[in-house]
Amino acid sequence: MGEVVIQVENLSKVYQLGTIGTGSLKQDLSRWWTTSVLKKEDSFYHPTSSEETEASDGRQKAFWALRELSFEIRQGEVWGIIGNNGAGKSTLLKIISRIVKPTKGVVRGKGKISSLLEVGTGFNQELTGRENIFLSGYILGMSKPEIKAKFDEIVDFSGIEKFLDTPVKRYSSGMYVRLAFAVAAHLEPDILIIDEVLAVGDAEFQKKCLGKVRDVSKSEGRTILFVSHSMQAVASLCDHGLWLQKGKLMETGKASTVINNYIKGVKKFQLHHSWNNLVEAPGNDLIRFKSIRLVPQYSSAEAPLDIRTPLTVKFQFWNLVDGQELSVGLHLFSYGGECIFDVPSPSLPCQKGLVEGECTIPGDFLNDGSYYISLIVVKDTSVNLFYYEECLSFEVEDYRGDIKWFGKWMGAVRPSFPFRIAQQELVIEQ
Amino acid sequence: MLQNKVGNEQWEWEITARTHYWGIVFKELWHYRHLSYSLIRKDFLLNYQQTVLGPFWLLFQPLLTLATYLLVFNKLIGVSTGQLPPVLFYMSGIVLWNFFNDTFLSTSFIFKENAQLFSKVYFPRLIIPFSQMGTQILRFGIQFCMLLAMTGFYVFYKGYSFPTTYLIFTLPFTILLVGLTGLALGIAFSVITAKYRDIINLVSFGVRLLMFLTPVLYPVNFVPSNIRWIVQFNPLTSYFELFRLSLLGEGVVSGPHLAYSIGVTLVLLGLSVVVFNKQGDKLIDVV
């Protein structure tokens with residue numbers, strides 16, 4: 001075990017919600033008076049209060065982005081930070097990167113930190129690729145000799161040598177991202193902080209970037225903090241996981257364990273929903289859902305929901321406007337947020353009243369993993385009436401049959417297509 | 001707030017809710033010096049990319065201003081320029097004022113304009129205003145050369161003689177002090193404009209008014225002595241007079257006034273750097 005390089009202690013961050021405008025000078029002055037002159041605690045700080053605190057005048061709200069976090073990171077560890085949107089992941093990274101100040105608490109550490117919170121930080125559209133490598137490198141904290149020494153490597157990695165002296169505004173977005181990441185990938189800090197930057201770029205380049213990050217952490221013993229929505233990326237890259245929820249630290253530990261608990265805890269599997277009256281039902285003035293169900297067609301009573309099980313999605317909704325030509329789209333997402341498919345129904349002229357439908361996902365099609373489904377109701381095949389996001393979620397278990405291999409099966413789907421191999425000759429004659 | 005002093009020696013850095021007033025680490029600024037050069041280069045080049053006249057705008061703009069001032073203030077209103085040829089009098093004022101004006105305006109919206117960058121990466125924020133001032137010094141240098149050339153023209157072809165004394169050596173300091181005054185005000189206003197948006201209107205409007213309280217268009221001598229204190233309250237006044245005095249040999253400046261100006265500039269600079277540091281981190285949440 002390496003020495004502790006980052007120590008986070010009771011870290012909290014409170015944002016003030018609402019507009020800052022009239023009266024803010026007065027508020028600032030009164031706050032300054034209480035905190036600096038009278039040396040009292042900041043009035044925004046109420047550890048026991050609920051997530052959103054309303055001030056006494058009812059005008060200003062405080063939002064807890066982070067609440068009393070404490071943890072330690074040792075040298076050479078790769079940490080994946082996971083959590084829903086708004087869980088405070090980015091805020092945590094920003095505090096450790098010294099971009100924002102915490103409201104309370106301390107972060108102590110050793111070594112040089114570089115953070116990649118977006119691709120192309122400090123890039124200027126008008127400058128050429130060559131100039132941008134230097135400008136961006138400087139902004140990210142590299143020194144001139146460092147960039148010079150790495151220049152060829154950076155150009156190589158990005159694969160844009162032909163366009164080096166062209167202003168980046170004429171680059172395709174892919175080239176831009178590649179160049180930007182190439183600069184970032186050649187930083188040599190002791191601690192590297194990466195936020196979702198891998199969400200951009202083509203798949204091929206993403207793989208290259210992930211590979212680069214992994215190499216760096218393995219071979220050079222660099223400490224890495226990594227935020228991503230892609231559980232796959234976190235699982236393959238990180239050895240430690242940190243799960244944040246609504247600003248609170250839920251769990252730290254081995255990456256795979258934390259990811260599992262996160263998926264279990266947050267993505268509660270919803271196999272059916274129904275509503276009895278229009279008021280509570282999700283929807284709008286045009287469409288309201290009455291019920292939605294996922295019906296697995298189990299082969300036997302005790303069979304689990306595995307990759308062989310066909311699944312039927314059944315739904316009912318109230319159509320509130322006469323004479324609409326409606327169709328429904330079913331979007332299936334992996335828990336990493338990637339859309340696996342988008343299946344549209346045929347369109348149907350509908351009168352006011354209840355409309356029902358179903359769609360079957362055949363067995364032997366999905367890979368094992370967790371999925372969620374969103375439904376979209378469309379008018380005239382082009383106008384979106386209502387998008388019911390993440391209305392169902394479920395998990396498909398693995399089934400290998402007589403295959404004696406238990407590694408992770410690649411791919412988002414695992415269809416069984418007709419596949420034939422046969423022996424043709426018995427001896428190969430040279 | 002929660003500063004645990006025990007066993008702190010082993011840590012290289014510490015992030016807490018507090019910012020120390022003198023939170024600038026000069027070593028850090030030095031580490032980022034190449035960034036500064038790079039930004040100066042960028043600003044300078046980008047101003048003139050895809051333009052017709054390119055850097056000639058730098059010469060063109062003061063010449064047009066000069067023509068206007070000559071027409072309006074010299075011919076039409078008849079403001080005295082003392083013993084100096086009006087062309088040189090106005091030109092010296094315009095060039096120095098431009099330097100102040102541009103330094104001030106280019107630094108006073110730093111937080112607003114760089115919010116995106118500031119919210120994504122850490123580097124000493126002061127690099128940005130310092131680089132802006134660097135760019136303005138470069139631009140001033142070019143305009144100053146034009147002023148020198150015009151002065152040369154008057155000496156060699158028109159037979160003027162300007163009694164240059166040892167004061168000529170104060171020129172770089174005068175120029176630097178004018179720049180620092182602009183920088184100090186700019187840094188202070190960058191914090192204020194980020195917080196209170198309506199101040200933005202005041203900035204461009206106020207700097208235009210300030211020009212009339214600075215001896216750009218008239219010599220201090222020309223101001224009636226009973227209201228001269230208003231003009232001399234402005235710290236820039238002594239610098240402008242000293243600039244003309246050391247370059248062209250005419251100007252009214254006294255020791256106490258100069259000391260007052262330098263004092264104001266240094267105090268302003270110190271204060272604004274402190275405020276910039278103190279408020280900088282908090283402003284990221286606001287802008």
# chains A, B, ... in the order shown; residues from 1 in each chain; ligands from 1
>>> residues_around(residues="Met133 in chain B", least_positions_apart="5", cutoff="12 Å", atoms="only C-alpha atoms", output="ChimeraX atom specification")
/B:36-37,39-40,43-44,99-108,126-128,138-140,175-184,186-187
>>> interface_residues(of="chain B", to="chain A", cutoff="7 Å", atoms="only C-alpha atoms", output="list in words")
Leu2, Trp11, Glu12, Trp13, Glu14, Ile15, Thr16, Ala17, Tyr32, His34, Leu35, Ser38, Leu117, Ser119, Lys120, Val121, Tyr122, Phe123, Asp281, Lys282 and Ile284 of chain B
>>> residues_around(residues="Cys238 in chain A", least_positions_apart="5", cutoff="6 Å", atoms="only C-alpha atoms", output="MDAnalysis selection string")
chainID A and resid 78:80
>>> residues_around(residues="range 76-93 of chain B", least_positions_apart="6", cutoff="7 Å", atoms="only C-alpha atoms", output="JSON, numbers by chain")
{"B": [66, 147, 151, 216, 217, 218, 219, 244]}
>>> write_last_selection(atoms="C-alpha atoms", output="short mmCIF file (atom, residue, chain, number, x, y, z; two decimals), in the first residue's frame")
data_model
loop_
_atom_site.label_atom_id
_atom_site.label_comp_id
_atom_site.auth_asym_id
_atom_site.auth_seq_id
_atom_site.Cartn_x
_atom_site.Cartn_y
_atom_site.Cartn_z
CA LEU B 66 -5.70 62.86 -33.58
CA LEU B 147 4.87 59.16 -31.44
CA THR B 151 8.51 64.01 -32.63
CA VAL B 216 -5.31 64.38 -22.47
CA LEU B 217 -6.97 67.22 -24.35
CA TYR B 218 -5.68 70.16 -22.35
CA PRO B 219 -2.61 70.97 -20.28
CA ARG B 244 4.83 65.22 -21.61
#
>>> residues_around(residues="range 241-249 of chain A", least_positions_apart="2", cutoff="8 Å", atoms="only C-alpha atoms", output="PyMOL selection string")
chain A and resi 64-69+79-84+86-89+238-239+251-259+262
>>> write_last_selection(atoms="N, CA and C atoms", output="PDB file, in the first residue's frame")
ATOM      1  N   TRP A  64     -27.164  21.493  -1.090  1.00  0.00           N
ATOM      2  CA  TRP A  64     -25.983  20.757  -0.640  1.00  0.00           C
ATOM      3  C   TRP A  64     -25.455  19.893  -1.761  1.00  0.00           C
ATOM      4  N   ALA A  65     -24.364  20.324  -2.358  1.00  0.00           N
ATOM      5  CA  ALA A  65     -23.781  19.525  -3.424  1.00  0.00           C
ATOM      6  C   ALA A  65     -22.957  18.392  -2.829  1.00  0.00           C
ATOM      7  N   LEU A  66     -22.331  18.670  -1.691  1.00  0.00           N
ATOM      8  CA  LEU A  66     -21.567  17.641  -0.999  1.00  0.00           C
ATOM      9  C   LEU A  66     -21.826  17.784   0.484  1.00  0.00           C
ATOM     10  N   ARG A  67     -21.874  16.671   1.168  1.00  0.00           N
ATOM     11  CA  ARG A  67     -22.182  16.729   2.581  1.00  0.00           C
ATOM     12  C   ARG A  67     -21.246  15.824   3.369  1.00  0.00           C
ATOM     13  N   GLU A  68     -20.350  16.461   4.094  1.00  0.00           N
ATOM     14  CA  GLU A  68     -19.503  15.749   5.053  1.00  0.00           C
ATOM     15  C   GLU A  68     -18.833  14.498   4.509  1.00  0.00           C
ATOM     16  N   LEU A  69     -18.062  14.662   3.464  1.00  0.00           N
ATOM     17  CA  LEU A  69     -17.345  13.520   2.912  1.00  0.00           C
ATOM     18  C   LEU A  69     -16.012  13.362   3.616  1.00  0.00           C
ATOM     19  N   TRP A  79      -9.299   5.435  -8.791  1.00  0.00           N
ATOM     20  CA  TRP A  79     -10.621   5.510  -8.175  1.00  0.00           C
ATOM     21  C   TRP A  79     -11.662   5.889  -9.203  1.00  0.00           C
ATOM     22  N   GLY A  80     -12.763   5.160  -9.191  1.00  0.00           N
ATOM     23  CA  GLY A  80     -13.888   5.517 -10.019  1.00  0.00           C
ATOM     24  C   GLY A  80     -14.960   6.115  -9.136  1.00  0.00           C
ATOM     25  N   ILE A  81     -15.444   7.301  -9.527  1.00  0.00           N
ATOM     26  CA  ILE A  81     -16.484   7.941  -8.728  1.00  0.00           C
ATOM     27  C   ILE A  81     -17.795   7.795  -9.476  1.00  0.00           C
ATOM     28  N   ILE A  82     -18.769   7.156  -8.846  1.00  0.00           N
ATOM     29  CA  ILE A  82     -20.026   6.911  -9.531  1.00  0.00           C
ATOM     30  C   ILE A  82     -21.183   7.498  -8.741  1.00  0.00           C
ATOM     31  N   GLY A  83     -22.286   7.672  -9.417  1.00  0.00           N
ATOM     32  CA  GLY A  83     -23.470   8.235  -8.777  1.00  0.00           C
ATOM     33  C   GLY A  83     -24.364   8.816  -9.855  1.00  0.00           C
ATOM     34  N   ASN A  84     -25.600   9.103  -9.481  1.00  0.00           N
ATOM     35  CA  ASN A  84     -26.536   9.671 -10.450  1.00  0.00           C
ATOM     36  C   ASN A  84     -26.144  11.086 -10.819  1.00  0.00           C
ATOM     37  N   GLY A  86     -26.150  14.868 -10.609  1.00  0.00           N
ATOM     38  CA  GLY A  86     -26.421  15.740  -9.477  1.00  0.00           C
ATOM     39  C   GLY A  86     -26.031  15.132  -8.150  1.00  0.00           C
ATOM     40  N   ALA A  87     -25.265  14.050  -8.171  1.00  0.00           N
ATOM     41  CA  ALA A  87     -24.868  13.424  -6.907  1.00  0.00           C
ATOM     42  C   ALA A  87     -23.682  14.153  -6.281  1.00  0.00           C
ATOM     43  N   GLY A  88     -23.054  15.049  -7.035  1.00  0.00           N
ATOM     44  CA  GLY A  88     -21.935  15.802  -6.492  1.00  0.00           C
ATOM     45  C   GLY A  88     -20.576  15.342  -6.994  1.00  0.00           C
ATOM     46  N   LYS A  89     -20.588  14.461  -7.977  1.00  0.00           N
ATOM     47  CA  LYS A  89     -19.322  13.928  -8.483  1.00  0.00           C
ATOM     48  C   LYS A  89     -18.428  15.033  -9.035  1.00  0.00           C
ATOM     49  N   CYS A 238     -10.886   1.003 -13.007  1.00  0.00           N
ATOM     50  CA  CYS A 238     -10.627   1.402 -11.628  1.00  0.00           C
ATOM     51  C   CYS A 238     -10.527   0.191 -10.720  1.00  0.00           C
ATOM     52  N   ASP A 239      -9.717   0.322  -9.683  1.00  0.00           N
ATOM     53  CA  ASP A 239      -9.713  -0.728  -8.678  1.00  0.00           C
ATOM     54  C   ASP A 239     -10.494  -0.328  -7.424  1.00  0.00           C
ATOM     55  N   GLU A 251     -20.680   4.691  -0.245  1.00  0.00           N
ATOM     56  CA  GLU A 251     -19.812   3.536  -0.058  1.00  0.00           C
ATOM     57  C   GLU A 251     -18.476   3.767  -0.745  1.00  0.00           C
ATOM     58  N   THR A 252     -17.415   3.277  -0.137  1.00  0.00           N
ATOM     59  CA  THR A 252     -16.149   3.200  -0.847  1.00  0.00           C
ATOM     60  C   THR A 252     -15.660   1.773  -0.725  1.00  0.00           C
ATOM     61  N   GLY A 253     -14.847   1.367  -1.668  1.00  0.00           N
ATOM     62  CA  GLY A 253     -14.336   0.005  -1.589  1.00  0.00           C
ATOM     63  C   GLY A 253     -13.894  -0.486  -2.939  1.00  0.00           C
ATOM     64  N   LYS A 254     -13.906  -1.796  -3.083  1.00  0.00           N
ATOM     65  CA  LYS A 254     -13.491  -2.396  -4.335  1.00  0.00           C
ATOM     66  C   LYS A 254     -14.461  -1.963  -5.429  1.00  0.00           C
ATOM     67  N   ALA A 255     -13.923  -1.593  -6.598  1.00  0.00           N
ATOM     68  CA  ALA A 255     -14.758  -0.999  -7.641  1.00  0.00           C
ATOM     69  C   ALA A 255     -15.942  -1.882  -7.996  1.00  0.00           C
ATOM     70  N   SER A 256     -15.692  -3.185  -8.196  1.00  0.00           N
ATOM     71  CA  SER A 256     -16.789  -4.036  -8.662  1.00  0.00           C
ATOM     72  C   SER A 256     -17.894  -4.137  -7.609  1.00  0.00           C
ATOM     73  N   THR A 257     -17.511  -4.202  -6.331  1.00  0.00           N
ATOM     74  CA  THR A 257     -18.505  -4.288  -5.261  1.00  0.00           C
ATOM     75  C   THR A 257     -19.340  -3.011  -5.218  1.00  0.00           C
ATOM     76  N   VAL A 258     -18.664  -1.871  -5.288  1.00  0.00           N
ATOM     77  CA  VAL A 258     -19.378  -0.602  -5.203  1.00  0.00           C
ATOM     78  C   VAL A 258     -20.323  -0.447  -6.386  1.00  0.00           C
ATOM     79  N   ILE A 259     -19.857  -0.818  -7.565  1.00  0.00           N
ATOM     80  CA  ILE A 259     -20.706  -0.703  -8.754  1.00  0.00           C
ATOM     81  C   ILE A 259     -21.945  -1.577  -8.591  1.00  0.00           C
ATOM     82  N   TYR A 262     -24.271  -0.037  -6.166  1.00  0.00           N
ATOM     83  CA  TYR A 262     -24.862   1.159  -6.759  1.00  0.00           C
ATOM     84  C   TYR A 262     -26.015   0.765  -7.661  1.00  0.00           C
TER      85      TYR A 262
END
>>> residues_around(residues="range 309-318 of chain A", least_positions_apart="5", cutoff="10 Å", atoms="only C-alpha atoms", output="MDAnalysis selection string")
chainID A and resid 271:275 278 281:283 286:299 303:304 330 351:366 373 375 377 392 396:397
>>> write_last_selection(atoms="C-alpha atoms", output="CSV table (one decimal), in the first residue's frame")
chain,number,residue,atom,x,y,z
A,271,LEU,CA,-41.2,-4.3,-13.7
A,272,HIS,CA,-44.6,-2.7,-13.5
A,273,HIS,CA,-46.4,0.6,-12.8
A,274,SER,CA,-50.0,1.5,-12.9
A,275,TRP,CA,-52.1,4.5,-12.1
A,278,LEU,CA,-55.5,10.8,-14.6
A,281,ALA,CA,-50.5,9.4,-14.0
A,282,PRO,CA,-47.3,10.5,-15.7
A,283,GLY,CA,-47.9,12.5,-18.9
A,286,LEU,CA,-52.2,15.1,-24.6
A,287,ILE,CA,-51.1,11.7,-23.2
A,288,ARG,CA,-51.3,10.1,-19.8
A,289,PHE,CA,-50.0,6.6,-19.0
A,290,LYS,CA,-52.3,4.2,-17.2
A,291,SER,CA,-50.1,1.2,-16.8
A,292,ILE,CA,-46.8,-0.2,-18.0
A,293,ARG,CA,-45.6,-3.7,-17.4
A,294,LEU,CA,-42.7,-5.9,-18.3
A,295,VAL,CA,-43.9,-9.5,-18.6
A,296,PRO,CA,-41.1,-12.1,-18.9
A,297,GLN,CA,-42.3,-15.3,-20.6
A,298,TYR,CA,-40.6,-17.8,-18.3
A,299,SER,CA,-40.0,-21.2,-19.7
A,303,ALA,CA,-36.7,-20.2,-14.3
A,304,PRO,CA,-34.9,-16.9,-13.8
A,330,LEU,CA,-39.6,1.7,-27.5
A,351,GLN,CA,-59.9,8.7,-30.7
A,352,LYS,CA,-60.1,10.0,-27.1
A,353,GLY,CA,-59.8,7.1,-24.7
A,354,LEU,CA,-57.6,4.3,-23.7
A,355,VAL,CA,-54.9,3.0,-26.0
A,356,GLU,CA,-53.0,-0.2,-25.3
A,357,GLY,CA,-50.1,-2.0,-27.0
A,358,GLU,CA,-47.3,-4.4,-26.5
A,359,CYS,CA,-43.9,-5.2,-27.9
A,360,THR,CA,-41.9,-8.4,-27.5
A,361,ILE,CA,-38.2,-8.6,-27.2
A,362,PRO,CA,-37.3,-12.1,-28.3
A,363,GLY,CA,-35.3,-14.4,-26.1
A,364,ASP,CA,-31.6,-15.1,-27.0
A,365,PHE,CA,-31.2,-11.5,-28.0
A,366,LEU,CA,-30.1,-9.4,-25.1
A,373,ILE,CA,-36.8,1.1,-21.2
A,375,LEU,CA,-41.3,4.9,-24.2
A,377,VAL,CA,-45.5,8.6,-27.9
A,392,LEU,CA,-39.1,0.2,-16.7
A,396,VAL,CA,-31.1,-10.0,-17.5
A,397,GLU,CA,-29.1,-12.9,-16.0
>>> select_by_dssp(residues="range 178-241 of chain B", states="helix (DSSP H, G or I)", output="compact mmCIF listing (two decimals) with C-alpha atoms, in the first residue's frame")
# COMPACT_ATOMS: atom_id res chain seq x y z
CA VAL B 178 -0.02 54.32 -15.93
CA GLY B 179 -0.33 50.68 -16.93
CA LEU B 180 -0.40 49.52 -13.32
CA THR B 181 -3.13 52.02 -12.50
CA GLY B 182 -5.20 50.61 -15.36
CA LEU B 183 -4.42 47.09 -14.23
CA ALA B 184 -5.30 47.79 -10.60
CA LEU B 185 -8.65 49.33 -11.55
CA GLY B 186 -9.28 46.57 -14.08
CA ILE B 187 -8.63 43.78 -11.58
CA ALA B 188 -10.86 45.43 -9.01
CA PHE B 189 -13.66 45.91 -11.53
CA SER B 190 -13.31 42.36 -12.85
CA VAL B 191 -14.43 41.17 -9.42
CA ILE B 192 -17.21 43.73 -9.20
CA THR B 193 -18.56 43.16 -12.73
CA ALA B 194 -18.65 39.42 -12.15
CA LYS B 195 -20.80 39.91 -9.08
CA ILE B 199 -21.64 47.77 -13.07
CA ILE B 200 -20.59 46.78 -16.60
CA ASN B 201 -22.42 49.82 -17.96
CA LEU B 202 -20.66 52.02 -15.49
CA VAL B 203 -17.23 50.81 -16.53
CA SER B 204 -17.18 51.90 -20.16
CA PHE B 205 -19.14 55.03 -19.36
CA GLY B 206 -16.98 55.94 -16.38
CA VAL B 207 -13.71 55.53 -18.21
CA ARG B 208 -14.92 57.93 -20.91
CA LEU B 209 -15.75 60.52 -18.26
CA LEU B 210 -12.42 59.96 -16.58
CA MET B 211 -10.67 61.00 -19.77
CA PHE B 212 -12.05 64.49 -19.39
CA VAL B 220 -3.08 71.30 -16.53
CA ASN B 221 -1.92 74.90 -16.88
CA PHE B 222 -5.06 75.60 -18.81
CA ARG B 228 -7.41 72.52 -10.58
CA TRP B 229 -7.64 70.28 -7.50
CA ILE B 230 -10.39 68.29 -9.19
CA VAL B 231 -8.08 67.36 -12.02
CA GLN B 232 -5.20 66.76 -9.68
CA PHE B 233 -7.29 64.50 -7.52
CA LEU B 236 -3.35 59.90 -13.71
CA THR B 237 -2.89 63.64 -14.05
CA SER B 238 0.66 63.71 -12.70
CA TYR B 239 1.65 60.82 -14.93
CA PHE B 240 0.36 62.51 -18.05
CA GLU B 241 2.04 65.78 -17.21
>>> residues_around(residues="Glu220 in chain A", least_positions_apart="4", cutoff="10 Å", atoms="only C-alpha atoms", output="list in words")
Gly76, Glu188, Asp190, Arg214, Asp215 and Val216 of chain A
>>> write_last_selection(atoms="N, CA and C atoms", output="tab-separated table (two decimals), in the first residue's frame")
chain	number	residue	atom	x	y	z
A	76	GLY	N	-1.00	5.62	-6.38
A	76	GLY	CA	-1.09	4.57	-7.37
A	76	GLY	C	-2.46	3.95	-7.51
A	188	GLU	N	1.94	14.95	-17.11
A	188	GLU	CA	2.59	14.04	-16.17
A	188	GLU	C	2.45	14.48	-14.72
A	190	ASP	N	1.21	13.92	-10.68
A	190	ASP	CA	1.22	12.79	-9.75
A	190	ASP	C	-0.20	12.25	-9.58
A	214	ARG	N	-5.06	3.61	-18.68
A	214	ARG	CA	-4.76	2.39	-17.94
A	214	ARG	C	-3.24	2.17	-17.88
A	215	ASP	N	-2.59	2.34	-19.03
A	215	ASP	CA	-1.13	2.18	-19.08
A	215	ASP	C	-0.46	3.07	-18.06
A	216	VAL	N	-0.91	4.32	-18.09
A	216	VAL	CA	-0.30	5.32	-17.23
A	216	VAL	C	-0.41	4.91	-15.77
>>> atom_distance(atom1="CA of Arg400 in chain A", atom2="CA of Arg308 in chain A")
10.0 Å
>>> atom_distance(atom1="CA of Phe163 in chain A", atom2="CA of Arg41 in chain B")
20.7 Å
